[in-house]
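Shown below: query33.csv, with CSV, C-alpha atoms.
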chain,number,residue,atom,x,y,z
A,1,MET,CA,73.7,104.9,56.9
A,2,ASN,CA,75.9,108.0,56.2
A,3,ARG,CA,77.2,110.4,58.8
A,4,ALA,CA,74.3,112.9,58.3
A,5,GLU,CA,71.8,110.1,58.9
A,6,GLU,CA,73.8,108.9,61.9
A,7,LEU,CA,73.8,112.4,63.4
A,8,ALA,CA,70.1,112.8,62.7
A,9,ALA,CA,69.4,109.5,64.5
A,10,LEU,CA,71.6,110.6,67.4
A,11,ASN,CA,69.8,113.9,67.8
A,12,ALA,CA,66.5,112.1,67.8
A,13,LEU,CA,67.4,110.0,70.9
A,14,GLU,CA,65.6,110.7,74.1
A,15,ILE,CA,67.9,111.1,77.1
A,16,PRO,CA,66.7,108.9,80.0
A,17,SER,CA,65.3,110.8,82.9
A,18,ALA,CA,67.8,108.9,85.2
A,19,LEU,CA,70.5,110.9,83.5
A,20,GLU,CA,69.1,114.3,84.3
A,21,GLY,CA,71.8,116.5,85.9
A,22,THR,CA,74.7,114.3,84.8
A,23,VAL,CA,75.9,117.0,82.3
A,24,GLU,CA,76.5,119.6,85.0
A,25,ARG,CA,78.1,117.0,87.2
A,26,ALA,CA,80.4,116.0,84.4
A,27,LYS,CA,81.3,119.6,83.7
A,28,LYS,CA,82.2,120.2,87.4
A,29,ARG,CA,84.2,117.1,87.5
A,30,ARG,CA,86.2,118.1,84.5
A,31,ALA,CA,86.7,121.6,85.8
A,32,GLY,CA,88.1,120.3,89.1
A,33,ARG,CA,90.3,117.8,87.4
A,34,ARG,CA,92.0,120.4,85.2
A,35,LEU,CA,93.8,121.8,88.2
A,36,ARG,CA,95.5,118.5,88.7
A,37,LEU,CA,95.9,117.2,85.2
A,38,GLY,CA,96.0,120.3,83.0
A,39,ILE,CA,94.2,119.0,79.9
A,40,PRO,CA,90.9,120.6,78.9
A,41,LEU,CA,88.1,118.8,77.1
A,42,SER,CA,88.3,118.9,73.3
A,43,SER,CA,86.2,121.6,71.7
A,44,LEU,CA,82.8,120.2,70.8
A,45,ALA,CA,79.7,121.9,69.4
A,46,GLY,CA,76.3,122.5,71.0
A,47,ALA,CA,74.2,119.5,71.7
A,48,ALA,CA,76.9,117.2,70.6
A,49,ALA,CA,79.0,118.3,73.5
A,50,ALA,CA,76.2,117.6,76.0
A,51,PHE,CA,75.7,114.2,74.5
A,52,VAL,CA,79.4,113.3,74.7
A,53,ILE,CA,79.4,114.1,78.4
A,54,LEU,CA,76.3,111.9,78.9
A,55,VAL,CA,77.9,109.0,77.0
A,56,ASN,CA,81.0,109.4,79.2
A,57,VAL,CA,79.2,109.3,82.5
A,58,SER,CA,76.7,106.5,81.8
A,59,VAL,CA,77.8,103.1,80.7
A,60,PRO,CA,74.2,101.8,80.3
A,61,PHE,CA,73.4,104.8,78.1
A,62,ALA,CA,76.4,104.2,75.9
A,63,LEU,CA,75.7,100.5,75.5
A,64,ALA,CA,72.1,101.2,74.7
A,65,CYS,CA,73.1,103.5,71.9
A,66,GLY,CA,76.0,101.3,70.8
A,67,GLN,CA,74.4,100.6,67.4
A,68,ILE,CA,75.1,104.1,66.2
A,69,PRO,CA,78.5,104.2,64.6
A,70,ILE,CA,79.1,107.9,65.2
A,71,LEU,CA,78.6,107.3,68.9
A,72,LYS,CA,82.1,105.8,69.1
A,73,ASP,CA,83.7,109.1,68.0
A,74,LEU,CA,81.7,111.0,70.6
A,75,VAL,CA,82.6,108.6,73.4
A,76,LEU,CA,86.3,108.9,72.5
A,77,ALA,CA,86.2,112.7,72.3
A,78,ALA,CA,84.9,112.7,75.9
A,79,SER,CA,88.0,111.0,77.3
A,80,GLY,CA,89.9,114.3,77.9
A,81,ASN,CA,93.2,112.6,77.1
A,82,GLU,CA,94.3,113.4,73.6
A,83,SER,CA,96.8,110.5,73.5
A,84,LEU,CA,94.3,107.8,74.5
A,85,LYS,CA,91.6,109.4,72.4
A,86,ALA,CA,93.8,109.1,69.3
A,87,ALA,CA,94.7,105.5,70.2
A,88,LEU,CA,91.1,104.5,70.6
A,89,GLU,CA,89.9,106.3,67.4
A,90,SER,CA,92.6,104.4,65.6
A,91,ASP,CA,91.3,101.1,66.9
A,92,TYR,CA,94.5,100.7,69.0
A,93,TYR,CA,93.2,98.9,72.1
A,94,GLN,CA,93.0,95.5,73.6
A,95,ILE,CA,89.6,94.2,74.7
A,96,LEU,CA,89.3,92.8,78.2
A,97,ASN,CA,85.6,92.3,78.9
A,98,GLN,CA,86.2,91.1,82.4
A,99,GLU,CA,83.9,91.3,85.4
A,100,TYR,CA,84.7,90.6,89.1
A,101,THR,CA,82.4,90.8,92.2
A,102,GLU,CA,83.3,90.7,95.8
A,103,ASN,CA,81.2,91.7,98.9
A,104,GLY,CA,78.5,93.0,96.6
A,105,ILE,CA,80.8,95.3,94.6
A,106,THR,CA,81.4,94.7,90.9
A,107,LEU,CA,84.4,95.7,89.0
A,108,LYS,CA,84.1,95.8,85.1
A,109,LEU,CA,87.2,96.0,82.9
A,110,TYR,CA,86.4,97.1,79.4
A,111,CYS,CA,89.7,97.4,77.5
A,112,MET,CA,93.3,98.7,77.8
A,113,VAL,CA,95.6,100.9,75.8
A,114,ALA,CA,99.2,99.8,76.3
A,115,ASP,CA,102.7,99.9,75.0
A,116,ALA,CA,106.1,98.9,76.3
A,117,HIS,CA,106.2,101.5,79.1
A,118,GLN,CA,102.6,102.4,80.0
A,119,VAL,CA,99.3,100.5,80.5
A,120,ASN,CA,95.9,102.3,80.7
A,121,VAL,CA,93.0,100.2,81.9
A,122,PHE,CA,89.4,101.4,81.4
A,123,LEU,CA,86.9,100.3,84.0
A,124,SER,CA,83.8,101.1,86.1
A,125,LEU,CA,82.6,100.2,89.6
A,126,SER,CA,79.1,99.5,90.9
A,127,ALA,CA,80.0,101.3,94.1
A,128,GLY,CA,82.8,102.8,96.1
A,129,HIS,CA,86.1,104.4,95.0
A,130,GLY,CA,89.0,102.4,93.6
A,131,CYS,CA,92.8,102.6,94.0
A,132,LEU,CA,95.5,100.5,92.4
A,133,ARG,CA,97.4,99.3,95.4
A,134,GLY,CA,99.9,96.9,93.9
A,135,VAL,CA,101.4,95.4,90.8
A,136,SER,CA,103.0,91.9,91.1
A,137,ALA,CA,104.4,89.2,88.8
A,138,ALA,CA,101.9,86.9,87.1
A,139,ASP,CA,102.4,84.3,89.8
A,140,GLY,CA,101.8,86.8,92.6
A,141,GLY,CA,105.5,87.2,93.5
A,142,GLU,CA,107.7,90.3,93.4
A,143,LEU,CA,107.6,92.1,90.1
A,144,GLY,CA,111.3,92.9,90.1
A,145,MET,CA,111.0,96.4,88.6
A,146,SER,CA,109.7,99.8,89.6
A,147,TRP,CA,106.3,101.1,88.7
A,148,SER,CA,104.0,104.0,89.5
A,149,ALA,CA,100.2,104.4,89.1
A,150,SER,CA,97.7,107.3,88.8
A,151,LEU,CA,93.9,107.3,88.6
A,152,ASP,CA,92.0,109.4,86.2
A,153,ASP,CA,89.0,110.2,88.4
A,154,PRO,CA,89.1,108.9,92.0
A,155,GLY,CA,85.7,110.6,92.6
A,156,ALA,CA,83.8,108.8,89.9
A,157,ARG,CA,80.2,107.8,90.5
A,158,PRO,CA,78.8,104.2,90.2
A,159,TRP,CA,79.3,102.8,86.7
A,160,GLU,CA,81.0,106.0,85.6
A,161,PRO,CA,83.8,105.1,83.1
A,162,GLN,CA,87.3,105.8,84.4
A,163,TYR,CA,90.8,104.5,83.9
A,164,PHE,CA,94.0,104.1,85.8
A,165,THR,CA,97.5,104.3,84.4
A,166,VAL,CA,100.5,102.1,85.3
A,167,ASP,CA,103.9,103.4,84.2
A,168,PHE,CA,107.0,101.3,83.9
A,169,ALA,CA,109.6,104.1,83.5
A,170,GLY,CA,112.9,102.4,83.9
A,171,ALA,CA,112.3,99.1,82.0
A,172,ALA,CA,109.8,97.6,79.6
A,173,ALA,CA,106.5,96.4,81.0
A,174,PRO,CA,106.2,92.6,81.6
A,175,ARG,CA,103.9,90.9,79.2
A,176,SER,CA,101.9,89.4,82.1
A,177,PHE,CA,101.4,90.7,85.6
A,178,THR,CA,98.7,90.9,88.3
A,179,ILE,CA,97.2,94.1,89.7
A,180,ARG,CA,95.6,94.6,93.1
A,181,TYR,CA,92.7,97.0,92.9
A,182,ASP,CA,91.1,98.0,96.2
A,183,ILE,CA,87.7,99.6,96.7
A,184,TYR,CA,87.0,102.1,99.5
A,185,GLU,CA,83.8,103.7,100.7
A,186,ASP,CA,84.9,107.3,100.6
A,187,ALA,CA,86.8,109.2,97.9
A,188,ASP,CA,89.1,110.7,100.6
A,189,TRP,CA,90.1,107.3,102.0
A,190,SER,CA,93.4,106.9,103.9
A,191,TRP,CA,96.0,104.1,103.6
A,192,GLU,CA,94.9,102.8,107.0
A,193,ASP,CA,91.3,102.2,106.0
A,194,GLU,CA,90.1,98.6,105.3
A,195,PRO,CA,88.9,98.2,101.7
A,196,LEU,CA,85.3,97.2,101.0
A,197,ALA,CA,86.7,94.8,98.4
A,198,SER,CA,90.1,93.8,97.0
A,199,PHE,CA,90.5,92.4,93.5
A,200,ARG,CA,93.5,90.5,92.1
A,201,VAL,CA,93.3,90.8,88.3
A,202,PRO,CA,95.7,89.2,85.9
A,203,LEU,CA,96.6,91.2,82.8
A,204,THR,CA,98.4,90.0,79.7
A,205,LEU,CA,99.6,92.5,77.0
A,206,ASN,CA,99.6,91.4,73.4
A,207,GLN,CA,103.0,91.4,71.6
A,208,THR,CA,101.8,94.1,69.2
A,209,SER,CA,101.5,96.5,72.1
A,210,LEU,CA,105.0,95.7,73.5
A,211,ASP,CA,106.6,96.2,70.0
A,212,SER,CA,104.7,99.3,69.1
A,213,ALA,CA,107.2,102.1,70.0
A,214,ARG,CA,109.6,103.6,67.4
A,215,ALA,CA,112.9,105.3,68.4
A,216,VAL,CA,114.5,108.0,66.3
A,217,GLU,CA,118.2,108.5,67.2
A,218,LEU,CA,119.3,112.2,67.1
A,219,GLY,CA,122.4,113.1,69.0
A,220,THR,CA,121.7,116.9,68.7
A,221,ARG,CA,123.8,119.0,71.0
A,222,PHE,CA,122.5,122.4,72.1
A,223,GLU,CA,122.9,125.0,74.8
A,224,LEU,CA,120.2,126.0,77.3
A,225,ASP,CA,120.8,128.6,80.1
A,226,GLY,CA,124.5,128.2,79.7
A,227,GLN,CA,124.4,124.4,80.1
A,228,ILE,CA,125.3,122.0,77.3
A,229,LEU,CA,122.7,119.3,76.7
A,230,THR,CA,122.3,116.6,74.0
A,231,LEU,CA,119.0,115.6,72.6
A,232,GLU,CA,119.7,111.8,72.3
A,233,ARG,CA,116.5,110.5,70.8
A,234,VAL,CA,112.7,110.8,70.6
A,235,ILE,CA,110.6,107.7,71.2
A,236,LEU,CA,107.2,107.6,69.6
A,237,SER,CA,104.7,105.4,71.5
A,238,PRO,CA,100.9,105.1,71.3
A,239,THR,CA,100.4,106.4,74.8
A,240,HIS,CA,103.0,109.2,74.8
A,241,THR,CA,106.1,110.7,73.2
A,242,GLN,CA,109.4,110.5,75.1
A,243,ILE,CA,112.3,112.9,74.8
A,244,ASP,CA,115.7,111.6,76.0
A,245,LEU,CA,118.4,114.1,77.1
A,246,SER,CA,121.9,113.9,78.5
A,247,GLY,CA,124.0,116.6,80.1
A,248,GLN,CA,127.7,117.4,79.6
A,249,GLU,CA,130.0,116.4,82.4
A,250,GLY,CA,131.3,120.0,82.9
A,251,ASN,CA,127.9,121.5,83.4
A,252,THR,CA,127.5,123.6,86.6
A,253,ALA,CA,123.8,122.6,87.1
A,254,TRP,CA,121.6,119.5,86.8
A,255,LEU,CA,118.5,119.8,84.7
A,256,THR,CA,115.5,118.8,86.8
A,257,GLY,CA,112.5,120.0,84.8
A,258,LEU,CA,111.4,121.4,81.4
A,259,THR,CA,108.4,123.2,80.1
A,260,PHE,CA,108.1,122.4,76.4
A,261,GLN,CA,105.8,121.5,73.6
A,262,LEU,CA,106.0,119.6,70.3
A,263,GLU,CA,104.7,121.1,67.1
A,264,ASP,CA,104.2,119.3,63.7
A,265,GLU,CA,104.3,120.7,60.2
A,266,GLN,CA,100.5,121.1,60.3
A,267,GLY,CA,100.7,123.5,63.3
A,268,ASN,CA,99.3,120.9,65.7
A,269,VAL,CA,100.7,121.4,69.2
A,270,TYR,CA,101.3,118.5,71.7
A,271,ASP,CA,101.4,119.4,75.3
A,272,THR,CA,102.1,117.8,78.7
A,273,VAL,CA,100.8,114.3,79.4
A,274,HIS,CA,97.4,114.0,80.9
A,275,ASN,CA,98.1,111.1,83.3
A,276,GLY,CA,101.1,109.2,84.5
A,277,ILE,CA,104.8,110.1,84.7
A,278,SER,CA,105.9,113.3,83.0
A,279,SER,CA,109.7,113.1,83.7
A,280,PHE,CA,112.2,110.8,85.4
A,281,GLY,CA,115.9,110.2,85.7
A,282,ASP,CA,118.0,107.2,84.6
A,283,PRO,CA,117.7,104.2,86.8
A,284,GLY,CA,120.9,103.8,88.9
A,285,ASP,CA,121.8,107.5,88.5
A,286,SER,CA,122.0,109.0,92.0
A,287,SER,CA,122.1,112.6,90.7
A,288,PRO,CA,118.9,114.7,90.4
A,289,PHE,CA,119.4,115.0,86.6
A,290,ALA,CA,116.0,114.4,84.8
A,291,ALA,CA,116.9,112.8,81.5
A,292,HIS,CA,113.5,111.7,80.2
A,293,TYR,CA,110.4,113.7,79.5
A,294,ARG,CA,107.0,112.7,78.3
A,295,ILE,CA,104.4,114.6,76.2
A,296,GLN,CA,101.2,113.8,74.4
A,297,SER,CA,101.6,111.1,71.8
A,298,THR,CA,102.1,112.0,68.1
A,299,TYR,CA,102.0,108.3,67.2
A,300,PHE,CA,98.8,108.4,65.2
A,301,SER,CA,99.1,111.9,63.7
A,302,GLN,CA,101.3,110.7,60.8
A,303,ALA,CA,103.4,113.8,61.3
A,304,GLU,CA,106.4,114.0,59.0
A,305,HIS,CA,108.2,116.7,60.9
A,306,LEU,CA,108.3,117.5,64.6
A,307,THR,CA,109.9,120.5,66.4
A,308,LEU,CA,110.7,120.6,70.1
A,309,ARG,CA,110.0,124.1,71.6
A,310,ILE,CA,111.4,124.7,75.1
A,311,SER,CA,110.1,127.7,77.0
A,312,SER,CA,111.6,127.2,80.5
A,313,ALA,CA,113.8,125.0,82.5
A,314,ARG,CA,114.4,124.1,86.2
A,315,TRP,CA,117.9,123.7,87.4
A,316,LEU,CA,119.7,122.5,90.6
A,317,ASP,CA,123.1,124.0,90.9
A,318,LYS,CA,125.8,121.4,91.7
A,319,ASP,CA,127.0,123.7,94.5
A,320,CYS,CA,123.5,124.8,95.4
A,321,PRO,CA,122.7,126.0,98.9
A,322,GLU,CA,120.3,123.8,101.0
A,323,MET,CA,117.3,124.7,103.1
A,324,VAL,CA,118.0,123.2,106.5
A,325,LEU,CA,115.3,122.4,108.9
A,326,ASP,CA,116.2,121.3,112.5
A,327,THR,CA,113.2,119.8,114.3
A,328,ARG,CA,115.0,119.8,117.6
A,329,THR,CA,115.7,123.5,117.8
A,330,ARG,CA,112.8,124.5,115.5
A,331,THR,CA,115.2,126.6,113.4
A,332,ALA,CA,115.7,127.0,109.7
A,333,GLU,CA,118.6,128.0,107.4
A,334,ASN,CA,118.2,129.5,103.9
A,335,LEU,CA,114.4,129.5,104.1
A,336,PRO,CA,113.1,130.9,100.8
A,337,GLU,CA,111.3,134.2,101.2
A,338,TYR,CA,108.0,132.8,99.9
A,339,VAL,CA,107.9,130.3,102.8
A,340,LYS,CA,106.1,132.4,105.5
A,341,SER,CA,106.3,129.7,108.3
A,342,TRP,CA,106.8,126.0,108.8
A,343,GLU,CA,105.8,123.4,111.5
A,344,ALA,CA,107.0,119.9,112.1
A,345,GLN,CA,105.2,117.3,114.1
A,346,ARG,CA,106.5,113.8,115.0
A,347,GLU,CA,103.9,111.1,114.2
A,348,GLY,CA,104.9,107.5,115.0
A,349,THR,CA,108.1,106.7,113.2
A,350,GLY,CA,107.8,109.6,110.8
A,351,TRP,CA,107.3,113.4,110.4
A,352,ASN,CA,104.6,115.7,109.2
A,353,PHE,CA,105.6,119.1,107.8
A,354,ASP,CA,103.3,122.0,107.1
A,355,PHE,CA,104.7,124.9,105.1
A,356,GLU,CA,102.7,128.1,104.8
A,357,VAL,CA,103.7,129.7,101.4
A,358,GLU,CA,102.7,132.6,99.2
A,359,GLU,CA,102.4,132.8,95.5
A,360,THR,CA,105.6,133.9,93.7
A,361,GLY,CA,107.2,134.3,90.4
A,362,GLY,CA,110.7,134.7,89.0
A,363,SER,CA,113.8,132.6,89.2
A,364,PHE,CA,114.8,132.9,92.9
A,365,PRO,CA,115.4,129.7,94.9
A,366,PHE,CA,112.5,127.4,95.9
A,367,PHE,CA,112.4,124.0,97.4
A,368,ASP,CA,110.6,120.9,96.2
A,369,PRO,CA,109.6,118.5,99.0
A,370,SER,CA,109.4,115.7,96.5
A,371,GLY,CA,112.9,116.3,95.3
A,372,TYR,CA,116.5,115.4,96.1
A,373,GLY,CA,117.2,115.5,99.8
A,374,ASN,CA,119.0,113.8,102.6
A,375,HIS,CA,115.9,112.2,104.2
A,376,THR,CA,115.3,108.5,104.2
A,377,GLY,CA,112.0,106.5,104.3
A,378,THR,CA,109.0,107.0,102.2
A,379,GLY,CA,107.7,110.5,101.4
A,380,TYR,CA,104.3,111.9,100.3
A,381,TYR,CA,103.5,115.5,99.7
A,382,GLN,CA,100.5,117.6,98.5
A,383,ARG,CA,99.7,121.2,97.9
A,384,GLU,CA,96.5,122.9,99.1
A,385,GLY,CA,95.8,125.7,96.7
A,386,SER,CA,98.6,128.3,96.8
A,387,THR,CA,98.8,128.7,100.6
A,388,HIS,CA,100.1,125.4,102.0
A,389,THR,CA,102.4,122.6,101.2
A,390,TYR,CA,102.3,119.4,103.2
A,391,LEU,CA,105.1,116.8,103.5
A,392,THR,CA,104.9,113.4,105.2
A,393,LEU,CA,108.0,111.3,105.8
A,394,GLU,CA,107.4,107.8,107.0
A,395,ASP,CA,109.9,105.5,108.8
A,396,CYS,CA,112.3,108.4,109.1
A,397,ASP,CA,114.8,108.7,112.0
A,398,GLU,CA,116.4,112.0,111.1
A,399,THR,CA,115.8,115.2,113.0
A,400,CYS,CA,117.7,117.6,110.8
A,401,PHE,CA,116.5,117.8,107.2
A,402,ARG,CA,118.2,119.3,104.1
A,403,PHE,CA,116.4,120.2,100.9
A,404,PRO,CA,118.2,121.6,97.9
A,405,LEU,CA,117.0,124.9,96.4
A,406,TYR,CA,116.0,124.9,92.8
A,407,TYR,CA,115.7,127.7,90.2
A,408,ASN,CA,113.1,128.2,87.6
A,409,ARG,CA,114.5,130.1,84.7
A,410,ALA,CA,112.5,131.2,81.7
A,411,THR,CA,114.6,131.0,78.6
A,412,GLY,CA,113.3,134.3,77.2
A,413,GLU,CA,112.6,133.2,73.6
A,414,ASP,CA,111.6,129.6,73.0
A,415,THR,CA,114.5,127.2,72.1
A,416,ALA,CA,113.4,125.4,68.9
A,417,LEU,CA,115.0,122.1,68.0
A,418,PRO,CA,113.9,120.2,64.9
A,419,LEU,CA,113.6,116.5,65.6
A,420,PHE,CA,112.9,115.1,62.2
Translate the structure of the given file into structure tokens.
Amino acid sequence: MNRAEELAALNALEIPSALEGTVERAKKRRAGRRLRLGIPLSSLAGAAAAFVILVNVSVPFALACGQIPILKDLVLAASGNESLKAALESDYYQILNQEYTENGITLKLYCMVADAHQVNVFLSLSAGHGCLRGVSAADGGELGMSWSASLDDPGARPWEPQYFTVDFAGAAAPRSFTIRYDIYEDADWSWEDEPLASFRVPLTLNQTSLDSARAVELGTRFELDGQILTLERVILSPTHTQIDLSGQEGNTAWLTGLTFQLEDEQGNVYDTVHNGISSFGDPGDSSPFAAHYRIQSTYFSQAEHLTLRISSARWLDKDCPEMVLDTRTRTAENLPEYVKSWEAQREGTGWNFDFEVEETGGSFPFFDPSGYGNHTGTGYYQREGSTHTYLTLEDCDETCFRFPLYYNRATGEDTALPLF
């Protein structure tokens, strides 16, 4: 059967009545997710686009049509993550085919796309909403390294395909480890809620995945906003591309963020990562300098030449002023103009902060509640549209809090650096 015949067979399929309305739900879900993840669906044509969405939201439908070879391409196009899409289209995945049931809830694991620093696991649930609550050693003990996790779609419906991402930023992923995946009744669950089910799942990466990355050493020195940086290397991995930078000792500011893209000789542009860590500092470095940046993978594109284009940077001056909040006197120093008001409330052994803010532009100081500060304990923050920023600090005894003030500076014209 050729592609034309496959497409004709595809168009002749009758969509089950049980799937009516799933297209609109999928569109709404994608539109909402773009605010958080920033990657739109790939451009698809007419009826094919609707079919792709149907395939993505219904595992039974996809399995029933699994004999059509072109279906695979459509399923992958619906993922919304260009790096994972390219990996799957290139047959770079490890089949899991595992199923677990607890308290009447079933967790199905289909496959994973992994390399030495990131693991993406594709799954579906019969009910509830999942969350990766822990990563431990294969024997259940302490993992001995840092990790972070993110979920592609915490609001997925029953049997709707989704995936979670585990990042090992500071060190290579262990070949074998165990995850704890908890299921909650509501999508807006809290950490205090009891899970409906809790699964302990062992995962083992194949050696090909762990050895897949390729590093290109560069050592290119350049100037950005009056600061001297060195582009040390680019690491090409199946799940992402990583840019490693270092700063000159005599710089007056720490680089804490970049807005950039990669472009190949064919004009293809690679943008920010869809899921997982986008930047991080060197392990053991107590400064706020962000040395490592991730972008969409170029691994399967067979690009012969890549150019890094930097459009803006975020800096923290080494002698920067600090925003000081005193919860005892309810006073603030160096409060940025865009912060209209703030409140602090003691809760248990921690603090809850509510900042009322207004939209701004330009390069004047702003604070990042997730950034470098004097507070101890564990912190969580979230933004509600453009009007409020919330910060929660747990197990925190301080009453006076200091937050450094950052600057966003557009570079004017893009800084272009050939990589290879």
- Item | Contacts of range 92-109 of chain A at 6 Å (all atoms listed in the file; same-chain gap of 6+ positions) as a list in words |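 Answer for this query is Leu123, Ser124, Leu125, Ser126 and Ala197 of chain A.
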- Query: How many Å lie between CA of Asn206 in chain A and CA of Asp115 in chain A, rounded to one decimal?
  - Reply: 9.2 Å
- List the neighbours of Ser198 in chain A out to 9 Å using all atoms listed in the file; skip same-chain residues closer than 5 positions along the sequence, and give me the result as a list in words. Glu102, Arg180, Tyr181, Asp182 and Ile183 of chain A
- Residue list as an MDAnalysis selection string for point (106.5, 98.2, 70.8), cut-off 9 Å, all atoms listed in the file: chainID A and resid 115:117 207:214 237:238
Per-residue nearest contacts of range 276-335 of chain A to range 138-152 of chain A (10 Å; only C-alpha atoms) as a tab-separated table:
residue	atom	partner	partner_atom	distance
A:Gly276	CA	A:Ser150	CA	5.8
A:Ile277	CA	A:Ser148	CA	7.8
A:Pro283	CA	A:Ser146	CA	9.5
- Query: Could you work out how far CA of Ala172 in chain A lies from CA of Val269 in chain A, giving the answer in Å with one decimal?
  - Reply: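 Going from CA of Val269 in chain A over to CA of Ala172 in chain A, I get 27.5 Å.
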For the interface of range 245-334 of chain A with range 227-233 of chain A (cut-off 6 Å, counting all atoms listed in the file), please tabulate each contacting residue of range 245-334 of chain A alongside its nearest pair of atoms and their separation in Å to one decimal, rows sorted by chain and increasing number, as CSV.
residue,atom,partner,partner_atom,distance
A:Leu245,CA,A:Leu231,CA,4.8
A:Ser246,CA,A:Thr230,CA,5.3
A:Gly247,CA,A:Leu229,CA,4.5
A:Gln248,CA,A:Ile228,CA,5.7
A:Asn251,CA,A:Gln227,CA,5.6
Saved selection, atoms kept: C-alpha atoms, as a short mmCIF file (atom, residue, chain, number, x, y, z; two decimals), in the coordinates of the input:
data_model
loop_
_atom_site.label_atom_id
_atom_site.label_comp_id
_atom_site.auth_asym_id
_atom_site.auth_seq_id
_atom_site.Cartn_x
_atom_site.Cartn_y
_atom_site.Cartn_z
CA LEU A 245 118.40 114.10 77.10
CA SER A 246 121.90 113.90 78.50
CA GLY A 247 124.00 116.60 80.10
CA GLN A 248 127.70 117.40 79.60
CA ASN A 251 127.90 121.50 83.40
#
- Task: Take CA of Val121 in chain A and CA of Ser301 in chain A and report the distance between them in Å, one decimal.
- Result: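 Result for CA of Val121 in chain A versus CA of Ser301 in chain A: 22.5 Å, one decimal.
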Centre, edges in Å (one decimal): axis-aligned box, range 314-333 of chain A, 3 Å padding on all six sides, as JSON:
{"center_x": 119.9, "center_y": 123.9, "center_z": 102.0, "size_x": 20.2, "size_y": 14.2, "size_z": 37.6}
- Item | Nearest candidate to Ser90 in chain A (options A:Tyr299, A:Pro158, A:Pro336, A:Val357; using all atoms listed in the file) |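 So, comparing all the options, the nearest one is A:Tyr299.
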- Who sits within 7 Å of Gly128 in chain A, all atoms listed in the file, same chain under 4 positions skipped, as an MDAnalysis selection string: chainID A and resid 183:186
- Item | Residue nearest Arg314 in chain A - candidates A:Asn334, A:Ser286, A:Thr259, A:Thr298, atoms counted: all atoms listed in the file |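 When distances to Arg314 in chain A are compared using all atoms listed in the file, the smallest one comes from A:Thr259.
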- Protein, DNA and RNA residues within 12 Å of (118.9, 107.6, 64.9), all atoms listed in the file, as a PyMOL selection string: chain A and resi 214-220+231-235+419-420
